[in-house]
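**Q** What follows is start-v3.cif, mmCIF, C-alpha atoms and all ligand atoms.
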```cif
data_protein
#
loop_
_atom_site.label_atom_id
_atom_site.label_comp_id
_atom_site.auth_asym_id
_atom_site.auth_seq_id
_atom_site.Cartn_x
_atom_site.Cartn_y
_atom_site.Cartn_z
CA MET A 91 19.47 -54.31 -9.18
CA GLN A 92 21.20 -51.49 -7.28
CA HIS A 93 19.41 -50.35 -4.09
CA TYR A 94 19.84 -46.89 -2.57
CA LYS A 95 18.54 -45.79 0.81
CA ILE A 96 17.11 -42.28 0.62
CA ALA A 97 16.01 -40.20 3.62
CA ALA A 98 13.30 -37.72 2.55
CA ILE A 99 12.77 -34.67 4.77
CA PRO A 100 10.05 -32.52 3.15
CA ALA A 101 9.80 -30.20 6.23
CA ASP A 102 7.97 -26.87 5.85
CA GLY A 103 5.85 -24.71 3.54
CA ILE A 104 6.08 -25.83 -0.09
CA GLY A 105 8.76 -28.41 0.91
CA PRO A 106 6.22 -31.28 1.08
CA GLU A 107 4.67 -30.22 -2.26
CA VAL A 108 7.95 -30.20 -4.19
CA ILE A 109 9.36 -33.32 -2.50
CA ALA A 110 6.18 -35.24 -3.43
CA ALA A 111 6.71 -34.09 -7.03
CA GLY A 112 10.39 -35.09 -6.91
CA LEU A 113 9.60 -38.54 -5.54
CA GLN A 114 7.00 -39.08 -8.28
CA ALA A 115 9.62 -38.26 -10.93
CA LEU A 116 12.17 -40.55 -9.24
CA GLU A 117 9.66 -43.42 -9.25
CA ALA A 118 9.05 -42.87 -12.97
CA LEU A 119 12.82 -43.05 -13.52
CA GLU A 120 13.16 -46.23 -11.47
CA ARG A 121 10.55 -47.88 -13.68
CA ARG A 122 12.06 -46.50 -16.91
CA GLU A 123 15.65 -47.52 -16.09
CA GLY A 124 14.85 -50.82 -14.37
CA THR A 125 18.39 -50.97 -12.97
CA PHE A 126 18.06 -49.34 -9.56
CA LYS A 127 15.59 -49.04 -6.70
CA LEU A 128 15.27 -46.18 -4.23
CA ASP A 129 14.17 -47.24 -0.75
CA VAL A 130 12.71 -44.00 0.58
CA THR A 131 12.14 -43.35 4.29
CA MET A 132 10.10 -40.25 5.15
CA PHE A 133 11.00 -38.10 8.19
CA ASP A 134 8.40 -35.69 9.58
CA TRP A 135 10.97 -33.25 11.00
CA GLY A 136 10.55 -29.48 10.69
CA SER A 137 8.54 -26.64 12.21
CA ASP A 138 5.45 -28.77 13.07
CA HIS A 139 7.76 -31.16 14.92
CA TYR A 140 9.23 -28.12 16.71
CA LYS A 141 5.78 -26.88 17.75
CA LYS A 142 4.88 -30.32 19.15
CA HIS A 143 8.20 -31.37 20.69
CA GLY A 144 10.29 -28.17 21.06
CA VAL A 145 12.95 -29.40 18.62
CA MET A 146 13.14 -29.43 14.82
CA MET A 147 14.41 -33.01 14.84
CA PRO A 148 15.08 -35.54 17.61
CA ALA A 149 18.47 -35.41 19.34
CA ASP A 150 19.52 -38.63 17.59
CA GLY A 151 18.36 -37.25 14.19
CA PRO A 152 21.83 -37.09 12.60
CA ASP A 153 22.61 -40.62 13.85
CA ARG A 154 19.43 -41.90 12.21
CA LEU A 155 20.46 -40.30 8.91
CA LYS A 156 24.01 -41.66 8.90
CA GLY A 157 23.18 -45.00 7.29
CA PHE A 158 21.42 -43.48 4.25
CA ASP A 159 23.00 -43.05 0.83
CA ALA A 160 21.52 -39.58 0.35
CA ILE A 161 19.12 -37.07 1.89
CA PHE A 162 16.37 -35.45 -0.20
CA PHE A 163 15.35 -32.23 1.54
CA GLY A 164 12.47 -29.78 0.98
CA ALA A 165 12.69 -26.45 2.83
CA VAL A 166 12.58 -25.11 6.36
CA GLY A 167 10.94 -21.98 7.71
CA ALA A 168 7.57 -21.11 9.24
CA PRO A 169 6.00 -17.68 9.77
CA ASP A 170 5.55 -18.31 13.51
CA VAL A 171 8.99 -19.79 14.32
CA PRO A 172 12.12 -17.60 14.25
CA ASP A 173 14.26 -18.36 11.16
CA HIS A 174 17.48 -18.93 13.12
CA ILE A 175 15.72 -21.70 15.09
CA THR A 176 14.42 -23.49 12.00
CA LEU A 177 17.73 -23.20 10.14
CA TRP A 178 20.04 -24.07 13.04
CA GLY A 179 17.64 -26.77 14.27
CA LEU A 180 17.58 -28.88 11.10
CA ARG A 181 19.38 -27.90 7.92
CA LEU A 182 22.67 -26.54 9.26
CA PRO A 183 23.29 -29.36 11.79
CA ILE A 184 22.94 -31.83 8.91
CA CYS A 185 25.24 -29.86 6.56
CA GLN A 186 27.85 -29.17 9.21
CA GLY A 187 27.49 -32.45 11.15
CA PHE A 188 28.03 -34.44 7.95
CA ASP A 189 30.81 -32.10 6.79
CA GLN A 190 29.01 -31.45 3.49
CA TYR A 191 31.55 -28.75 2.75
CA ALA A 192 30.91 -28.35 -0.96
CA ASN A 193 27.60 -26.77 -1.83
CA VAL A 194 27.15 -27.07 -5.59
CA ARG A 195 24.60 -24.77 -7.20
CA PRO A 196 24.17 -25.02 -10.96
CA THR A 197 22.10 -22.38 -12.72
CA LYS A 198 21.20 -22.04 -16.35
CA VAL A 199 18.46 -20.56 -18.46
CA LEU A 200 16.29 -23.55 -19.34
CA PRO A 201 14.49 -23.77 -22.71
CA GLY A 202 11.13 -21.98 -22.61
CA ILE A 203 12.00 -19.96 -19.50
CA ALA A 204 12.69 -16.25 -19.96
CA SER A 205 15.54 -14.61 -18.11
CA PRO A 206 14.75 -11.07 -16.91
CA LEU A 207 17.98 -10.08 -18.69
CA ALA A 208 17.36 -8.77 -22.21
CA GLY A 209 18.78 -10.96 -24.96
CA VAL A 210 19.89 -13.75 -22.59
CA GLY A 211 18.67 -17.23 -23.49
CA PRO A 212 19.74 -20.87 -23.07
CA GLY A 213 23.53 -21.12 -23.40
CA ASP A 214 24.14 -17.49 -22.44
CA LEU A 215 23.87 -18.09 -18.71
CA ASP A 216 25.23 -21.47 -17.65
CA TRP A 217 27.01 -21.33 -14.30
CA VAL A 218 27.89 -23.50 -11.34
CA ILE A 219 28.37 -21.71 -8.06
CA VAL A 220 30.46 -23.60 -5.49
CA ARG A 221 29.66 -22.41 -2.00
CA GLU A 222 31.92 -23.11 0.98
CA ASN A 223 29.44 -24.84 3.24
CA SER A 224 31.19 -25.61 6.52
CA GLU A 225 32.65 -22.44 8.01
CA GLY A 226 33.10 -18.78 7.00
CA GLU A 227 30.35 -16.42 8.07
CA TYR A 228 28.07 -19.32 9.13
CA SER A 229 30.54 -20.82 11.60
CA GLY A 230 28.08 -20.18 14.42
CA ILE A 231 30.83 -18.51 16.45
CA GLY A 232 29.76 -15.38 18.31
CA GLY A 233 27.59 -14.31 21.14
CA ARG A 234 25.42 -11.72 22.81
CA ALA A 235 26.21 -9.76 25.95
CA HIS A 236 24.21 -7.26 28.02
CA ARG A 237 20.97 -8.58 26.51
CA GLY A 238 18.18 -6.05 26.48
CA HIS A 239 20.38 -3.24 27.81
CA PRO A 240 21.35 -0.17 25.79
CA GLU A 241 24.95 -1.40 25.72
CA GLU A 242 23.95 -4.79 24.24
CA VAL A 243 26.58 -6.38 21.97
CA GLY A 244 26.21 -9.05 19.30
CA THR A 245 29.17 -10.65 17.53
CA GLU A 246 29.16 -12.96 14.52
CA VAL A 247 32.64 -14.29 13.79
CA ALA A 248 33.62 -15.50 10.31
CA ILE A 249 36.07 -18.41 10.50
CA PHE A 250 38.38 -19.27 7.62
CA THR A 251 40.75 -22.21 8.08
CA ARG A 252 43.55 -23.24 5.74
CA THR A 253 42.02 -26.73 5.56
CA GLY A 254 38.52 -25.39 4.84
CA VAL A 255 39.62 -22.91 2.17
CA THR A 256 42.07 -25.27 0.48
CA ARG A 257 39.55 -28.09 0.12
CA ILE A 258 36.81 -25.87 -1.34
CA MET A 259 39.27 -24.22 -3.76
CA ARG A 260 40.49 -27.64 -4.88
CA TYR A 261 36.88 -28.81 -5.36
CA ALA A 262 36.04 -25.68 -7.39
CA PHE A 263 39.14 -25.84 -9.59
CA LYS A 264 38.48 -29.54 -10.26
CA LEU A 265 34.86 -28.83 -11.17
CA ALA A 266 35.90 -25.93 -13.44
CA GLN A 267 38.44 -28.27 -15.08
CA SER A 268 35.69 -30.81 -15.81
CA ARG A 269 33.53 -28.25 -17.65
CA PRO A 270 34.19 -27.38 -21.31
CA ARG A 271 35.22 -23.75 -20.71
CA LYS A 272 37.65 -24.54 -17.81
CA LEU A 273 36.95 -21.12 -16.35
CA LEU A 274 36.77 -20.21 -12.65
CA THR A 275 35.97 -16.93 -10.91
CA VAL A 276 37.01 -16.65 -7.27
CA VAL A 277 34.74 -14.25 -5.39
CA THR A 278 36.31 -12.29 -2.55
CA LYS A 279 36.07 -9.17 -0.42
CA SER A 280 39.75 -8.83 0.43
CA ASN A 281 39.76 -5.05 -0.03
CA ALA A 282 37.66 -4.48 3.09
CA GLN A 283 38.20 -7.75 4.98
CA ARG A 284 41.95 -7.96 5.29
CA HIS A 285 42.51 -11.17 7.26
CA GLY A 286 40.42 -14.22 6.36
CA MET A 287 39.63 -12.94 2.88
CA VAL A 288 43.28 -12.17 2.08
CA MET A 289 44.13 -15.72 3.15
CA TRP A 290 41.26 -16.93 0.91
CA ASP A 291 42.87 -15.14 -2.08
CA GLU A 292 46.34 -16.47 -1.27
CA ILE A 293 45.11 -20.06 -1.05
CA ALA A 294 43.20 -19.64 -4.35
CA ALA A 295 46.47 -18.61 -6.01
CA GLU A 296 48.30 -21.58 -4.45
CA VAL A 297 45.69 -24.14 -5.50
CA ALA A 298 45.57 -22.62 -9.01
CA GLN A 299 49.15 -23.89 -9.53
CA GLU A 300 47.77 -27.46 -9.44
CA PHE A 301 45.37 -26.65 -12.30
CA PRO A 302 47.39 -24.94 -15.05
CA ASP A 303 44.69 -25.64 -17.65
CA VAL A 304 42.03 -23.69 -15.70
CA THR A 305 41.75 -19.99 -16.45
CA TRP A 306 40.79 -18.13 -13.30
CA ASP A 307 40.17 -14.61 -12.13
CA LYS A 308 39.25 -12.83 -8.92
CA MET A 309 36.23 -10.63 -8.38
CA LEU A 310 35.07 -8.52 -5.44
CA VAL A 311 31.62 -9.68 -4.39
CA ASP A 312 29.99 -6.29 -4.96
CA ALA A 313 31.37 -6.03 -8.49
CA MET A 314 30.34 -9.66 -9.05
CA THR A 315 26.64 -8.74 -8.83
CA ALA A 316 27.15 -6.26 -11.67
CA ARG A 317 29.11 -8.77 -13.76
CA MET A 318 26.47 -11.48 -13.28
CA THR A 319 23.81 -9.05 -14.47
CA LEU A 320 25.67 -7.27 -17.26
CA LYS A 321 28.07 -9.92 -18.60
CA PRO A 322 26.58 -13.33 -17.80
CA ARG A 323 28.46 -14.98 -20.68
CA SER A 324 31.81 -14.09 -19.07
CA LEU A 325 31.20 -16.53 -16.19
CA ASP A 326 31.21 -20.31 -15.87
CA THR A 327 32.30 -21.84 -12.52
CA ILE A 328 32.27 -19.57 -9.47
CA VAL A 329 33.59 -20.19 -5.94
CA ALA A 330 32.59 -18.03 -2.98
CA THR A 331 32.30 -18.05 0.79
CA ASN A 332 29.27 -19.37 2.64
CA LEU A 333 27.56 -15.95 2.86
CA HIS A 334 28.64 -14.54 -0.50
CA ALA A 335 27.56 -17.63 -2.41
CA ASP A 336 24.29 -17.77 -0.49
CA ILE A 337 23.43 -14.30 -1.75
CA LEU A 338 24.86 -14.66 -5.26
CA SER A 339 23.02 -17.91 -5.89
CA ASP A 340 19.63 -16.32 -5.18
CA LEU A 341 20.58 -13.65 -7.72
CA ALA A 342 21.64 -16.43 -10.11
CA GLY A 343 18.28 -18.18 -9.67
CA ALA A 344 16.37 -14.96 -10.29
CA LEU A 345 18.46 -14.21 -13.42
CA ALA A 346 17.68 -17.71 -14.71
CA GLY A 347 13.97 -16.93 -14.40
CA SER A 348 12.92 -17.93 -10.85
CA LEU A 349 14.14 -19.24 -7.53
CA GLY A 350 11.86 -22.16 -8.33
CA VAL A 351 14.31 -23.55 -10.90
CA ALA A 352 17.54 -23.41 -8.85
CA PRO A 353 18.88 -26.59 -7.20
CA THR A 354 21.62 -27.24 -4.70
CA ALA A 355 23.67 -30.22 -3.57
CA ASN A 356 25.37 -30.29 -0.17
CA ILE A 357 28.21 -32.68 -0.87
CA ASP A 358 30.64 -34.54 1.34
CA PRO A 359 33.19 -35.16 -1.44
CA GLU A 360 34.96 -37.79 0.66
CA ARG A 361 31.68 -39.75 0.97
CA ARG A 362 32.08 -40.36 4.72
CA TYR A 363 28.45 -39.26 5.24
CA PRO A 364 25.29 -38.98 3.15
CA SER A 365 25.13 -35.85 1.00
CA MET A 366 21.97 -33.74 0.95
CA PHE A 367 20.03 -32.52 -2.08
CA GLU A 368 17.47 -29.72 -2.02
CA PRO A 369 16.01 -26.86 -4.02
CA ILE A 370 17.64 -23.49 -3.18
CA HIS A 371 14.33 -21.86 -2.33
CA GLY A 372 12.77 -21.64 1.10
CA SER A 373 9.31 -22.57 2.28
CA ALA A 374 7.60 -19.79 0.25
CA PHE A 375 4.76 -18.89 2.63
CA ASP A 376 3.04 -16.81 -0.04
CA ILE A 377 2.25 -19.82 -2.24
CA THR A 378 2.12 -22.69 0.28
CA GLY A 379 -0.90 -24.96 -0.24
CA LYS A 380 -1.87 -23.35 -3.56
CA GLY A 381 -0.46 -26.21 -5.63
CA ILE A 382 1.59 -23.88 -7.84
CA ALA A 383 5.12 -24.33 -6.47
CA ASN A 384 7.59 -24.83 -9.28
CA PRO A 385 8.97 -28.38 -8.97
CA VAL A 386 11.82 -27.86 -11.46
CA ALA A 387 14.46 -27.00 -8.80
CA THR A 388 13.55 -30.21 -6.99
CA PHE A 389 13.72 -32.28 -10.19
CA TRP A 390 17.14 -30.78 -10.90
CA THR A 391 18.43 -31.54 -7.39
CA ALA A 392 17.03 -35.08 -7.76
CA ALA A 393 19.19 -35.33 -10.91
CA GLN A 394 22.19 -34.12 -8.88
CA MET A 395 21.38 -36.84 -6.31
CA LEU A 396 21.23 -39.56 -8.98
CA ALA A 397 24.52 -38.39 -10.49
CA HIS A 398 26.12 -38.46 -7.02
CA LEU A 399 24.83 -42.01 -6.50
CA GLY A 400 26.42 -43.07 -9.78
CA GLU A 401 23.22 -43.12 -11.86
CA ALA A 402 24.42 -40.68 -14.52
CA ALA A 403 22.11 -42.03 -17.24
CA ALA A 404 19.01 -41.58 -15.06
CA ALA A 405 20.17 -38.07 -14.11
CA ALA A 406 20.58 -37.16 -17.78
CA ARG A 407 17.15 -38.63 -18.63
CA LEU A 408 15.51 -36.58 -15.88
CA MET A 409 17.11 -33.32 -17.01
CA GLN A 410 16.24 -34.06 -20.63
CA ALA A 411 12.61 -34.61 -19.62
CA VAL A 412 12.57 -31.37 -17.59
CA GLU A 413 14.03 -29.37 -20.49
CA ALA A 414 11.56 -30.92 -22.94
CA VAL A 415 8.67 -29.91 -20.69
CA THR A 416 9.88 -26.33 -20.01
CA GLY A 417 10.70 -26.01 -23.72
CA ALA A 418 7.10 -26.99 -24.55
CA GLY A 419 5.89 -24.12 -22.36
CA ILE A 420 4.38 -26.23 -19.58
CA LEU A 421 5.31 -23.89 -16.74
CA THR A 422 4.16 -22.82 -13.29
CA PRO A 423 3.10 -19.19 -12.70
CA ASP A 424 6.48 -18.03 -11.28
CA VAL A 425 7.97 -18.54 -14.76
CA GLY A 426 5.00 -17.13 -16.63
CA GLY A 427 2.85 -20.24 -17.09
CA LYS A 428 -0.51 -21.46 -15.82
CA ALA A 429 0.29 -25.07 -14.93
CA THR A 430 0.07 -26.50 -11.42
CA THR A 431 2.85 -28.40 -9.65
CA GLN A 432 0.98 -31.65 -10.37
CA GLU A 433 0.48 -30.89 -14.07
CA VAL A 434 4.19 -30.14 -14.58
CA THR A 435 5.10 -33.28 -12.62
CA ASP A 436 2.74 -35.48 -14.65
CA VAL A 437 4.15 -34.31 -17.98
CA VAL A 438 7.73 -34.71 -16.76
CA CYS A 439 6.89 -38.30 -15.72
CA GLU A 440 5.27 -38.91 -19.11
CA ALA A 441 8.39 -37.52 -20.86
CA ILE A 442 10.53 -39.90 -18.77
CA ARG A 443 8.34 -42.85 -19.79
CA ARG A 444 8.53 -41.90 -23.47
CA SER A 445 12.21 -40.91 -23.55
CA ASN A 446 14.53 -42.94 -25.65
CA ILE A 447 18.08 -41.92 -24.81
N1 LIG B 501 17.05 -23.99 2.42
C1 LIG B 501 15.98 -23.57 3.07
O1 LIG B 501 15.29 -24.37 3.65
C2 LIG B 501 15.63 -22.12 3.03
C3 LIG B 501 16.16 -21.27 2.07
C4 LIG B 501 15.71 -19.94 2.01
C5 LIG B 501 14.75 -19.49 2.92
N2 LIG B 501 14.27 -20.36 3.86
C6 LIG B 501 13.18 -19.97 4.77
O2 LIG B 501 11.98 -19.93 4.01
C7 LIG B 501 11.11 -18.92 4.55
C8 LIG B 501 10.67 -17.97 3.45
O3 LIG B 501 11.85 -17.29 2.98
P1 LIG B 501 11.91 -16.31 1.75
O4 LIG B 501 10.52 -15.79 1.46
O5 LIG B 501 13.01 -15.37 1.98
O6 LIG B 501 12.39 -17.21 0.52
P2 LIG B 501 11.60 -18.25 -0.38
O7 LIG B 501 12.61 -18.93 -1.25
O8 LIG B 501 10.77 -19.14 0.45
O9 LIG B 501 10.62 -17.37 -1.31
C9 LIG B 501 11.07 -16.22 -2.03
C10 LIG B 501 10.10 -15.96 -3.20
O10 LIG B 501 10.32 -16.94 -4.22
C11 LIG B 501 9.13 -17.64 -4.51
N3 LIG B 501 9.44 -19.06 -4.68
C12 LIG B 501 10.34 -19.79 -3.95
N4 LIG B 501 10.31 -21.06 -4.36
C13 LIG B 501 9.39 -21.15 -5.34
C14 LIG B 501 8.93 -22.23 -6.14
N5 LIG B 501 9.40 -23.49 -6.04
N6 LIG B 501 7.95 -21.97 -7.05
C15 LIG B 501 7.46 -20.73 -7.20
N7 LIG B 501 7.87 -19.66 -6.47
C16 LIG B 501 8.83 -19.88 -5.55
C17 LIG B 501 8.24 -17.46 -3.28
O11 LIG B 501 6.89 -17.59 -3.61
C18 LIG B 501 8.64 -16.07 -2.81
O12 LIG B 501 7.89 -15.09 -3.49
C19 LIG B 501 11.89 -18.27 5.68
O13 LIG B 501 11.48 -18.86 6.88
C20 LIG B 501 13.34 -18.60 5.37
O14 LIG B 501 14.16 -18.66 6.51
C21 LIG B 501 14.67 -21.65 3.92
#
```
Would you write the structure of this file as structure tokens?
**A**
Amino acid sequence: MQHYKIAAIPADGIGPEVIAAGLQALEALERREGTFKLDVTMFDWGSDHYKKHGVMMPADGPDRLKGFDAIFFGAVGAPDVPDHITLWGLRLPICQGFDQYANVRPTKVLPGIASPLAGVGPGDLDWVIVRENSEGEYSGIGGRAHRGHPEEVGTEVAIFTRTGVTRIMRYAFKLAQSRPRKLLTVVTKSNAQRHGMVMWDEIAAEVAQEFPDVTWDKMLVDAMTARMTLKPRSLDTIVATNLHADILSDLAGALAGSLGVAPTANIDPERRYPSMFEPIHGSAFDITGKGIANPVATFWTAAQMLAHLGEAAAAARLMQAVEAVTGAGILTPDVGGKATTQEVTDVVCEAIRRSNI
């Protein structure tokens, strides 16, 4: 029996609701497979912790996470705590501290879920966005001067390093190579940003030489939004900077039907540290506590976690169960249904129990 140590950080808003759903599905899988066991430790870090103790997590938080095999994360953000405090107090220190430089964001139109794009169904929109997750526009470099005075200045410096760009390009080309279409689009903004982004393009072209069987093209980020909307079939694997991919993946989630179905994996490809798995969405204040949060993004990221741990069969079983349930029209309100989080979770668990792959 294989044992995995999982750190669960549900955090804020609908985070606890979707993580509870995800854990229920993972328990059903454990029982169905009978070959692995997840030892889950819950951490109560987040905005409530901040309100009580003045910090989102204890100072030794990252040290306490180091010994786990993976981190299963909900969402951060509270209406009464500034967003930069919640994000920089919990999620970003984990991603950056553990050098989870590859942020992998698959999106596809699932059976039974309607894309807002006319005539686009399952198979027509099936992408993986690879987001550079360690530097770029979210390097944290910058500052404020003359605070509160009319001449106040704020700077936000985007950092692109040869090491950082090369490793994310290599990861993206390799991922594109592993998918049937072997197709990669490199998103850039090198027309207006003529230093870091030009280097980004040059390194993409260099790394492309290592992958002659991958067809690749380059797209300015503004034009990319139009291509995603108008020609979704022309895309497969996409690589973009921290900021660009952050924005494009919300668009991707919306085009696939809802932010509630889009997962993300923050991966340390070298496996020096635990990787972190979470839904793309935030804490969704508008639906918190109503019991209607869509758990599909969390199920999907749980499948990413299992695949990362080496449990490919369990990951496939989970996704098959999710697709059977969405295909049967058992959906939460954000994707046009009437089911609650719990109802969707229960039928997914039942589908796992009954599945025969
Ligand atoms: N990774 C993260 O933890 C993360 C990501 C994005 C935003 N945030 C934070 O979350 C807070 C709210 O941000 P926001 O409103 O911009 O984004 P959000 O993702 O929380 O919500 C955007 C919209 O999508 C809907 N939605 C999101 N997830 C859903 C789900 N599972 N099921 C059904 N509907 C869902 C919400 O109801 C809302 O209408 C902010 O504090 C923000 O900083 C955190």
**Q** Point out the residue among A:Ala118, A:Ala266, A:Tyr363, A:Ile109 with the least atom-to-atom distance to Val438 in chain A, counting only C-alpha atoms.
**A** A:Ala118
**Q** Could you check which residues have any atom within 8 Å of (39.1, -15.3, -1.9), counting only C-alpha atoms with coordinates taken straight from the file, and then list them as a ChimeraX atom specification?
**A** /A:276-280,287-294,308,330-331
**Q** Which residue gives the smallest distance to Gly136 in chain A among A:Ser373, A:Thr319, A:Ser205, A:Ser324, with all atoms listed in the file counted?
**A**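 Once distances to Gly136 in chain A are computed over all atoms listed in the file, the minimum belongs to A:Ser373.
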**Q** Compile the contact shell of range 179-183 of chain A as number ranges by chain: residues with an atom at most 8 Å away, counting all atoms listed in the file, same-chain residues fewer than 6 positions apart removed.
**A** A: 135-136, 145-147, 152, 166
**Q** Identify which of the residues A:His371, A:Arg444, A:Arg122, A:Lys380 lies closest to Asp340 in chain A, counting all atoms listed in the file when measuring atom-to-atom distances.
**A** A:His371
**Q** Restricting the calculation to all atoms listed in the file: of A:Ala342, A:Met132, A:Leu200, A:Ala149, which residue gets closest to Pro322 in chain A?
**A**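 When distances to Pro322 in chain A are compared using all atoms listed in the file, the smallest one comes from A:Ala342.
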**Q** Please provide the set of residues having any atom within 10 Å of Ala374 in chain A, restricted to only C-alpha atoms, with same-chain residues fewer than 5 positions apart removed, written as number ranges by chain.
**A** A: 102-105, 165-169, 350, 379, 383
**Q** What does the structure give for the distance between CA of Ala393 in chain A and CA of Asp307 in chain A, in Å to one decimal?
**A**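 A separation of 29.5 Å between them.
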**Q** Report as an MDAnalysis selection string all protein, DNA and RNA residues lying within 12 Å of Gly157 in chain A, evaluated on all atoms listed in the file, omitting residues in the same chain fewer than 5 positions from it.
**A** chainID A and resid 94:97 131 151:152 188 361:365
**Q** If you measure from CA of Leu349 in chain A to atom C17 of ligand LIG 501 (chain B), what distance in Å do you get, rounded to one decimal?
**A** 7.5 Å
**Q** What would range 100-121 of chain A look like with N, CA and C atoms in place, written as an mmCIF file, keeping the file's coordinate frame?
**A**
```
data_model
loop_
_atom_site.group_PDB
_atom_site.id
_atom_site.type_symbol
_atom_site.label_atom_id
_atom_site.label_comp_id
_atom_site.auth_asym_id
_atom_site.auth_seq_id
_atom_site.Cartn_x
_atom_site.Cartn_y
_atom_site.Cartn_z
ATOM 1 N N PRO A 100 10.750 -33.602 3.881
ATOM 2 C CA PRO A 100 10.050 -32.520 3.150
ATOM 3 C C PRO A 100 9.996 -31.218 3.951
ATOM 4 N N ALA A 101 9.823 -31.335 5.283
ATOM 5 C CA ALA A 101 9.800 -30.200 6.230
ATOM 6 C C ALA A 101 8.667 -29.211 5.970
ATOM 7 N N ASP A 102 8.968 -27.935 5.699
ATOM 8 C CA ASP A 102 7.970 -26.870 5.850
ATOM 9 C C ASP A 102 7.468 -26.261 4.532
ATOM 10 N N GLY A 103 6.358 -25.537 4.651
ATOM 11 C CA GLY A 103 5.850 -24.710 3.540
ATOM 12 C C GLY A 103 5.635 -25.543 2.285
ATOM 13 N N ILE A 104 6.244 -25.084 1.166
ATOM 14 C CA ILE A 104 6.080 -25.830 -0.090
ATOM 15 C C ILE A 104 7.015 -27.048 -0.158
ATOM 16 N N GLY A 105 7.849 -27.236 0.897
ATOM 17 C CA GLY A 105 8.760 -28.410 0.910
ATOM 18 C C GLY A 105 8.021 -29.707 0.604
ATOM 19 N N PRO A 106 6.936 -30.036 1.349
ATOM 20 C CA PRO A 106 6.220 -31.280 1.080
ATOM 21 C C PRO A 106 5.652 -31.355 -0.346
ATOM 22 N N GLU A 107 5.255 -30.202 -0.916
ATOM 23 C CA GLU A 107 4.670 -30.220 -2.260
ATOM 24 C C GLU A 107 5.739 -30.560 -3.310
ATOM 25 N N VAL A 108 6.927 -29.950 -3.165
ATOM 26 C CA VAL A 108 7.950 -30.200 -4.190
ATOM 27 C C VAL A 108 8.638 -31.551 -3.983
ATOM 28 N N ILE A 109 8.743 -31.995 -2.729
ATOM 29 C CA ILE A 109 9.360 -33.320 -2.500
ATOM 30 C C ILE A 109 8.437 -34.417 -3.034
ATOM 31 N N ALA A 110 7.116 -34.255 -2.861
ATOM 32 C CA ALA A 110 6.180 -35.240 -3.430
ATOM 33 C C ALA A 110 6.358 -35.302 -4.953
ATOM 34 N N ALA A 111 6.513 -34.136 -5.572
ATOM 35 C CA ALA A 111 6.710 -34.090 -7.030
ATOM 36 C C ALA A 111 8.027 -34.792 -7.397
ATOM 37 N N GLY A 112 9.079 -34.492 -6.637
ATOM 38 C CA GLY A 112 10.390 -35.090 -6.910
ATOM 39 C C GLY A 112 10.350 -36.602 -6.777
ATOM 40 N N LEU A 113 9.657 -37.087 -5.746
ATOM 41 C CA LEU A 113 9.600 -38.540 -5.540
ATOM 42 C C LEU A 113 8.826 -39.218 -6.670
ATOM 43 N N GLN A 114 7.783 -38.520 -7.163
ATOM 44 C CA GLN A 114 7.000 -39.080 -8.280
ATOM 45 C C GLN A 114 7.897 -39.225 -9.519
ATOM 46 N N ALA A 115 8.718 -38.199 -9.770
ATOM 47 C CA ALA A 115 9.620 -38.260 -10.930
ATOM 48 C C ALA A 115 10.668 -39.366 -10.736
ATOM 49 N N LEU A 116 11.162 -39.506 -9.504
ATOM 50 C CA LEU A 116 12.170 -40.550 -9.240
ATOM 51 C C LEU A 116 11.585 -41.946 -9.433
ATOM 52 N N GLU A 117 10.305 -42.107 -9.031
ATOM 53 C CA GLU A 117 9.660 -43.420 -9.250
ATOM 54 C C GLU A 117 9.516 -43.711 -10.741
ATOM 55 N N ALA A 118 9.167 -42.677 -11.518
ATOM 56 C CA ALA A 118 9.050 -42.870 -12.970
ATOM 57 C C ALA A 118 10.400 -43.291 -13.547
ATOM 58 N N LEU A 119 11.479 -42.700 -13.032
ATOM 59 C CA LEU A 119 12.820 -43.050 -13.520
ATOM 60 C C LEU A 119 13.202 -44.476 -13.146
ATOM 61 N N GLU A 120 12.884 -44.854 -11.907
ATOM 62 C CA GLU A 120 13.160 -46.230 -11.470
ATOM 63 C C GLU A 120 12.546 -47.218 -12.446
ATOM 64 N N ARG A 121 11.262 -46.964 -12.776
ATOM 65 C CA ARG A 121 10.550 -47.880 -13.680
ATOM 66 C C ARG A 121 11.172 -47.856 -15.080
#
```
